6 protein chains.
Amino acid sequence: MKVVTFGEIMLRLAPEGYLRFVQADKFDATYGGAESNVSVSLANYGLESVFVTKLPDNEIGNAALNSLRRYGVNTSSIVRGGKRVGIYYLEKGASQRSSKVIYDRAYSSISEADINDFDWDKIFDAANHFHFTGITPALSSNCYELCKVALKSAKSHGLTVSCDLNYRKNLWTREQAGKAMRTLMPYVDICIANEEDAADVFGIVADHTDITQGKLDNDSYYKVAKRLKEEFGFKYVAITLRSSRSANDNDWAAILYDGERVYTSKKYPIHIVDRVGGGDSFGAGLIYSLLMKYEPQAVIEFATAASCLKHSIEGDYNLVSVAEVLRLAGGDGSGRVHR
Amino acid sequence: MKVVTFGEIMLRLAPEGYLRFVQADKFDATYGGAESNVSVSLANYGLESVFVTKLPDNEIGNAALNSLRRYGVNTSSIVRGGKRVGIYYLEKGASQRSSKVIYDRAYSSISEADINDFDWDKIFDAANHFHFTGITPALSSNCYELCKVALKSAKSHGLTVSCDLNYRKNLWTREQAGKAMRTLMPYVDICIANEEDAADVFGIVADHTDITQGKLDNDSYYKVAKRLKEEFGFKYVAITLRSSRSANDNDWAAILYDGERVYTSKKYPIHIVDRVGGGDSFGAGLIYSLLMKYEPQAVIEFATAASCLKHSIEGDYNLVSVAEVLRLAGGDGSGRVHR
Amino acid sequence: MKVVTFGEIMLRLAPEGYLRFVQADKFDATYGGAESNVSVSLANYGLESVFVTKLPDNEIGNAALNSLRRYGVNTSSIVRGGKRVGIYYLEKGASQRSSKVIYDRAYSSISEADINDFDWDKIFDAANHFHFTGITPALSSNCYELCKVALKSAKSHGLTVSCDLNYRKNLWTREQAGKAMRTLMPYVDICIANEEDAADVFGIVADHTDITQGKLDNDSYYKVAKRLKEEFGFKYVAITLRSSRSANDNDWAAILYDGERVYTSKKYPIHIVDRVGGGDSFGAGLIYSLLMKYEPQAVIEFATAASCLKHSIEGDYNLVSVAEVLRLAGGDGSGRVHR
Amino acid sequence: MKVVTFGEIMLRLAPEGYLRFVQADKFDATYGGAESNVSVSLANYGLESVFVTKLPDNEIGNAALNSLRRYGVNTSSIVRGGKRVGIYYLEKGASQRSSKVIYDRAYSSISEADINDFDWDKIFDAANHFHFTGITPALSSNCYELCKVALKSAKSHGLTVSCDLNYRKNLWTREQAGKAMRTLMPYVDICIANEEDAADVFGIVADHTDITQGKLDNDSYYKVAKRLKEEFGFKYVAITLRSSRSANDNDWAAILYDGERVYTSKKYPIHIVDRVGGGDSFGAGLIYSLLMKYEPQAVIEFATAASCLKHSIEGDYNLVSVAEVLRLAGGDGSGRVHR
Amino acid sequence: MKVVTFGEIMLRLAPEGYLRFVQADKFDATYGGAESNVSVSLANYGLESVFVTKLPDNEIGNAALNSLRRYGVNTSSIVRGGKRVGIYYLEKGASQRSSKVIYDRAYSSISEADINDFDWDKIFDAANHFHFTGITPALSSNCYELCKVALKSAKSHGLTVSCDLNYRKNLWTREQAGKAMRTLMPYVDICIANEEDAADVFGIVADHTDITQGKLDNDSYYKVAKRLKEEFGFKYVAITLRSSRSANDNDWAAILYDGERVYTSKKYPIHIVDRVGGGDSFGAGLIYSLLMKYEPQAVIEFATAASCLKHSIEGDYNLVSVAEVLRLAGGDGSGRVHR
Amino acid sequence: MKVVTFGEIMLRLAPEGYLRFVQADKFDATYGGAESNVSVSLANYGLESVFVTKLPDNEIGNAALNSLRRYGVNTSSIVRGGKRVGIYYLEKGASQRSSKVIYDRAYSSISEADINDFDWDKIFDAANHFHFTGITPALSSNCYELCKVALKSAKSHGLTVSCDLNYRKNLWTREQAGKAMRTLMPYVDICIANEEDAADVFGIVADHTDITQGKLDNDSYYKVAKRLKEEFGFKYVAITLRSSRSANDNDWAAILYDGERVYTSKKYPIHIVDRVGGGDSFGAGLIYSLLMKYEPQAVIEFATAASCLKHSIEGDYNLVSVAEVLRLAGGDGSGRVHR
């Protein structure tokens, strides 16, 4: 199974532990981004996972590429050139104090990539699936065009396509996002969103919900899923539902709509180690279990368990095995020592 | 707005993470103390915050001073000389294991400071407020005299004065504290205390309370506040109420009595990163919001939210912004990521 | 009071914090093992604690020995020689993700120790108590024979003997364990087990229990304790009862059966720092309080409080004092700061 | 004495110790830049040192500003706004392996600063000296204009002006540098250069020199200094002379030409801790000793000793006292312990 | 160009900095071994580098494999199974104190690998070169047989073969080594040795040499090279010559004999960061430059410069680029900053 | 062989690597002091080494005691009580920058120890040798009296006595030192000094010496040794001779005078890791080799080689074995890897 993912990988700079930015004299330096995170997860599950991006031809670019290679991602389609690796600064929150992300991603090599940088016919050769997120077209008009070209090529190669809506307000307005994403949705088979994306991108709002109080209404999200399906004709719509009790403690669940039924996962109370990449790990779990032709309930349980585990792992990447995900999805969440 | 704070800044030596003293081969070295913590908070909120102390003329003294300067405190009134920077060792507790503090603060430069070391007229020039705590007069008889001189000067300059009772049993007995503090209270407008101080210093006990079981009775503390007001004629009495369920999890709330009504803050369940300086951050929030002329309910909400956030921050200093405090005081304690 | 403990001390290699093995480029290097952990606890409580093992005559062996000496263990009976210090790799779990232990302990010096390596008569001279666990005889047939010889000598010197069943499936099968341990039990006065050991080693199963769901039935364990007593004639049977809600949060309690009554400890909800060595610290608490001739209820409270505290301490060793244990056993679990 | 310095402060990200970029999973995060380094040195020597730049209004900007405040720099003239803090990545070389610097400074707040961002009349009020380097005008055409405006204002306020030529080939070509810098030199009294700058910027080449072999010819540099003086009418020309034997070991000396004589400093064999900022610390030493009206030989000895010491200090900033510099300049380079 | 390397990769555990084993409570955990080090170097130079070994199917095995993948090694021929990853402990020496290596490599998966574990026909398909060292046959009789089978297959596929003699006295005696290696030399085209190997393995001693005093006689080594060539018919013999002045400072040079002439490299005075893997990096440089068909003098300069640079890099792997090696080989050893 | 050492053990707080005090936010926390360092060395060489001091009954006192126990020192004669563990802050110098020591040792438990705290008859029972240094009597008049009492008791038990003059200008003046030490010298058999002590304490100056230039004249020190012998009747006088070329590079040698001949050691050029405790390790080497009845030349070579090695080890303690010292004393200073 060969899956191609297209997007950005950034340098992530995070103070150690719970230190605030102004206290830090060291940053943990890891690499990640919504799309690269999915690609690492899929490689980790044993698929042939190809990540497509552009990285500058310097040592920081090398280090980003190595971080993918280390976990088994096929990096042979990564183009080298351009000026810089995008950066995001992450300050980990605790208790009532929120985590903070400061983006410094403008002018990255991928955001300035050219339409001719990638040979999609070659990239998609023998591939089964293509994944991207709403961040990639938001990076620049070039990237938007690149997404369109890639999607057309993917479809012409007969691939299934998934997209995580992933709205980022620092990259574009709701209006810009809505307009652009509407032109890309026709190529998408599987739509992935969190509890806010559908409202941000397409104005489809869940009732009875106040995320600042950690209150989510499941029934409302069933309706959101159905409206997404109706409007864009997706084969699957999956929505993650995060109830944030504090920066340390969240509840985590998800729903899957296959056009006929809504499947709801178990709900996990999570004591968080690192929540960045939670949504991405859900997407990867969904893609993997759909490609493995799991039953819908098993699909949503796999994707939710996979992303539950991500919250216990430092860094963007969800470094868990299929066996570990299946054990949790199968009901053992006791966290007992394995010897 | 210029606020002057007088007291001690110590070197704080803490094993990394949850290591015990006997396991440590490194100490995190930061600086703090009940009074310097307030001063940093006020600088952080944008006030002109002047800290007054005495530090030895060596590199450890420099480092203590730099830690204040780094966060914007005006250090131009700090006198240099004397023998040593006081030290406190901190071992962070977890679950049922208590945090431990070992003081090694005797013979510090400030404790041996001379009555002639400080020119209060100059220090209080154009100032609005003076803050000290019950620790400063406990350091030495010199320091007690210094407090008296400073208080008289503050009053003659028309400043409002706040005092955090801050009883420390290693520095003096309850009797000594009571006797000395009674002579200083006439100069104080705003009295700040925690759930134990009033009993320790003035023998005013809250009924129905067992702090080793984390049981506090709010009504009893209303009475304590009123008795403090009656006895000393304070304009405001504020009391913090900590229910300690474990070393990791505390409930945190506070009350404010303005002579007419008791205002009670929201109660925060806190998952603790570092609780040292919690009370000091409350004092700073109180001073700031009173100086900003917030309504009494807003004052107690600001002070409590500010000090709630302190528990999520490593070190003595409460490095939060006014905006962050107001967001929590306004009701968003979900800890969601801010991008 | 002189207590002799016989068994293994290993190098423990653990990634920092919650990092997974594949992320680690540093390992915290400490030393520990079921038996050495007990020995350190007893030295810490002020007893003369002698640890008997074999360590290679190289610097890693020196470091293991020094770790014992540092905390006051008498290491003069440790034999030097053989090839290697056994290792265990520990990955700390979080939330729904389990901790992982990878053992690399084969061919260690102690596992290949010879029957002539130890002079038990000399070792047991003036001793009061002998402790071993079910791991020692499982290491090798040599070690099994060594246990037998030691037990006979202990009995001939009039020592009381305790054994923690400690079943390890990587070392032997349930059948092997059962067969071997049955030959050693006649020498044992005090039998210590966790909620799984009796079933694993002797096939004595507690009803109504599902450890993957954190469900334990106290009554069933009373029956297990009684059956152990009936079958092997122990003077005391103590069983720890861990309910694992997640890798971070466990409930912890224990029971003691003295042939007449079952004594049940308080139950502690624990927010875990490091749970390895929890059972060993229980054993040490039990041995100490029995040697001190505490009343049965005080014994089980002391042992359970001691082991509750262990969960808040990094590394295998339970570095708490008798005073700290008594404070918790006496009811103060609030974790308030001690100044 | 009030000295104003104008330029950039960047985030410096450096792998720990001698790790290469591709090995690093942590970066030491400090702040620095050619101009801010001078400003910190001057504050450290006890002058009133004002640093002028623009920093984004986010926490990374705060941290950069705090790093200046911590060491006593007056930051009240720093403008907040714009998009990002410039970054440079530093890999420390060793033996025959060179140090590497990767710049990621484009689009920084200061490089996009507006001509109206700074009120030079206010900034230069009561000031004695203005310092900038060849990097500032190279950042952008805006910055070039800002330099011109600042220089005119400085002259109209009667300040002396120093400039470190500091050629950076990543920012502009030799031709661009030469053209621009020629328009700024008329305002400059004191010209500072290293062994390559005069050739790079103005085409004034020292004969008999091969820097890749660590061979420098002093006589040739006397001629370079004289030609600089003749061409631009500087009052002082100072040139640092680094002979690089390896990444660990350099020889370091400097010359000062006052239009009449060339003064040559002692030559220091340096075992390097961190050589970044070496030239900047020389500039600061020069400015300080000239403002203090030292004799020319004392000036060049102070500046060279100061910058020699910088090589023993981690980070960009030269955290030495006047007393320490004078001790070395006075001849004690034995490095004996001071108790 | 495809190069296959066969041998071991171990976990390397090293105290931080210059700490001794008995001081360490952390180990830097990296991976390496004589053969894997060569494989990483070749991947780093852009060749297709295949590493063949056996690793246990656990997370420590995963981490070892990932360390190769991270730097571009093709790991698809690595067999998983067996019991453990071999370990070596490394204590870095300084000044007159020697570095210490403690091996704990017995019973590793590769040492117990079976003759049927590897399909050499498939592994050597389209390959150009095969490399192994004298350590591999020393691991076990199985490994010796595996080497013989691999060598026969390599020859039948027309590969050139290189061998680094790499005598390890902990693995076998000089007699055993000599006897075994003599049976393997007929398959070898390129023989690599350090200043001691030829004497240890084949009894070919260099005169006038005392390595404990850092005295090596070049002429004697010319004779050693010639005798090796005469005895075994190698196409090339290369010998590295280390003069150890102290644990920090070594001189490093090498000679190459092509059957006609002896080519001598420049001699580098090295200030050492980490000397482990120095010889391996020489071997990789030699293989690369011979495969690239450099002239003999260029070959020995490339290999020596590559290995000179290795001494400046932490860990076993020589993470330098071809460009960096060529710059040093070309004469720039000044270590100046590259911006 | 039982050796008793009497004096102080302090907490040593040192910034990591070459950071200055004002940069540090962590301190390496180890323990040491002139006398405890000797005691650890002797335990390390296999003697029964008893350290006598007083430490407060808190966890910092425990940690100091544990650091001795860890390396095999007999701590059973350490008295617990008093107020604090003395501290010294150490900033490691580099190149031309000196190391700095800031003492904060006043009011330590040992400095306030009472004459009745120690039972010297019991302590000296079965002992062979007593060691103290010039620091102990300088701590306080109590300590001076304690030294006198101990010396008298030592003599009455027939012990040999050694004293390292160790002048500390922060503790007393040259006059005070001279006066006090003259009263203690009659009890001393072996006098140890560095290149400055004899002049500081007894006014016996070596000619032709300028320590700030690293220039020492051996002949002059022969005369110093002889004068010390003549004046005080010592059996042995040993003087260490440090030529400090820079904070990183020192030459190190020593002389021994036995009343008949002066024996001069080899001279070692040392690249320093940590020079604190260098003199103490010399003293320990001297005591050990004299007790072992080495020949005088072997004594001075052993002591000098031992202390040469100390300079390569972090912390105060010289953690080397007899075998390692003998190897260096025997001539192998090449620092080659030991496998």
# chains A, B, ... in the order shown; residues from 1 in each chain; ligands from 1

call {"tool": "residues_around", "arguments": {"residues": "range 99-110 of chain A", "least_positions_apart": "5", "cutoff": "9 Å", "atoms": "only C-alpha atoms", "output": "PyMOL selection string"}}
result
(chain A and resi 7-10+53-56+80-94+136+139-140+143+170+247) or (chain B and resi 335-339) or (chain D and resi 58-60+83-85+107)

call {"tool": "interface_residues", "arguments": {"of": "chain F", "to": "chain A", "cutoff": "10 Å", "atoms": "only C-alpha atoms", "output": "number ranges by chain"}}
result
F: 23-25

call {"tool": "residues_around", "arguments": {"residues": "Asn318 in chain C", "least_positions_apart": "4", "cutoff": "7 Å", "atoms": "only C-alpha atoms", "output": "list in words"}}
result
Ser41, Ser281, Lys310 and Ile313 of chain C

call {"tool": "residues_around", "arguments": {"residues": "Ser141 in chain F", "least_positions_apart": "3", "cutoff": "12 Å", "atoms": "only C-alpha atoms", "output": "list in words"}}
result
Ile110, Ser111, Glu112, Ala113, Asp114, Ile115, Ile135, Thr136, Pro137, Ala138, Tyr144, Glu145, Leu146, Cys147, Lys148, Leu171, Trp172, Gln176, Ala177 and Ala180 of chain F

call {"tool": "residues_around", "arguments": {"residues": "Phe6 in chain F", "least_positions_apart": "4", "cutoff": "7 Å", "atoms": "only C-alpha atoms", "output": "ChimeraX atom specification"}}
result
/F:35,51-53,131-132

call {"tool": "select_by_dssp", "arguments": {"residues": "range 30-261 of chain F", "states": "helix (DSSP H, G or I)", "output": "PyMOL selection string"}}
result
chain F and resi 34-44+59-70+120-123+136-139+141-156+174-187+197-202+211-213+218-232
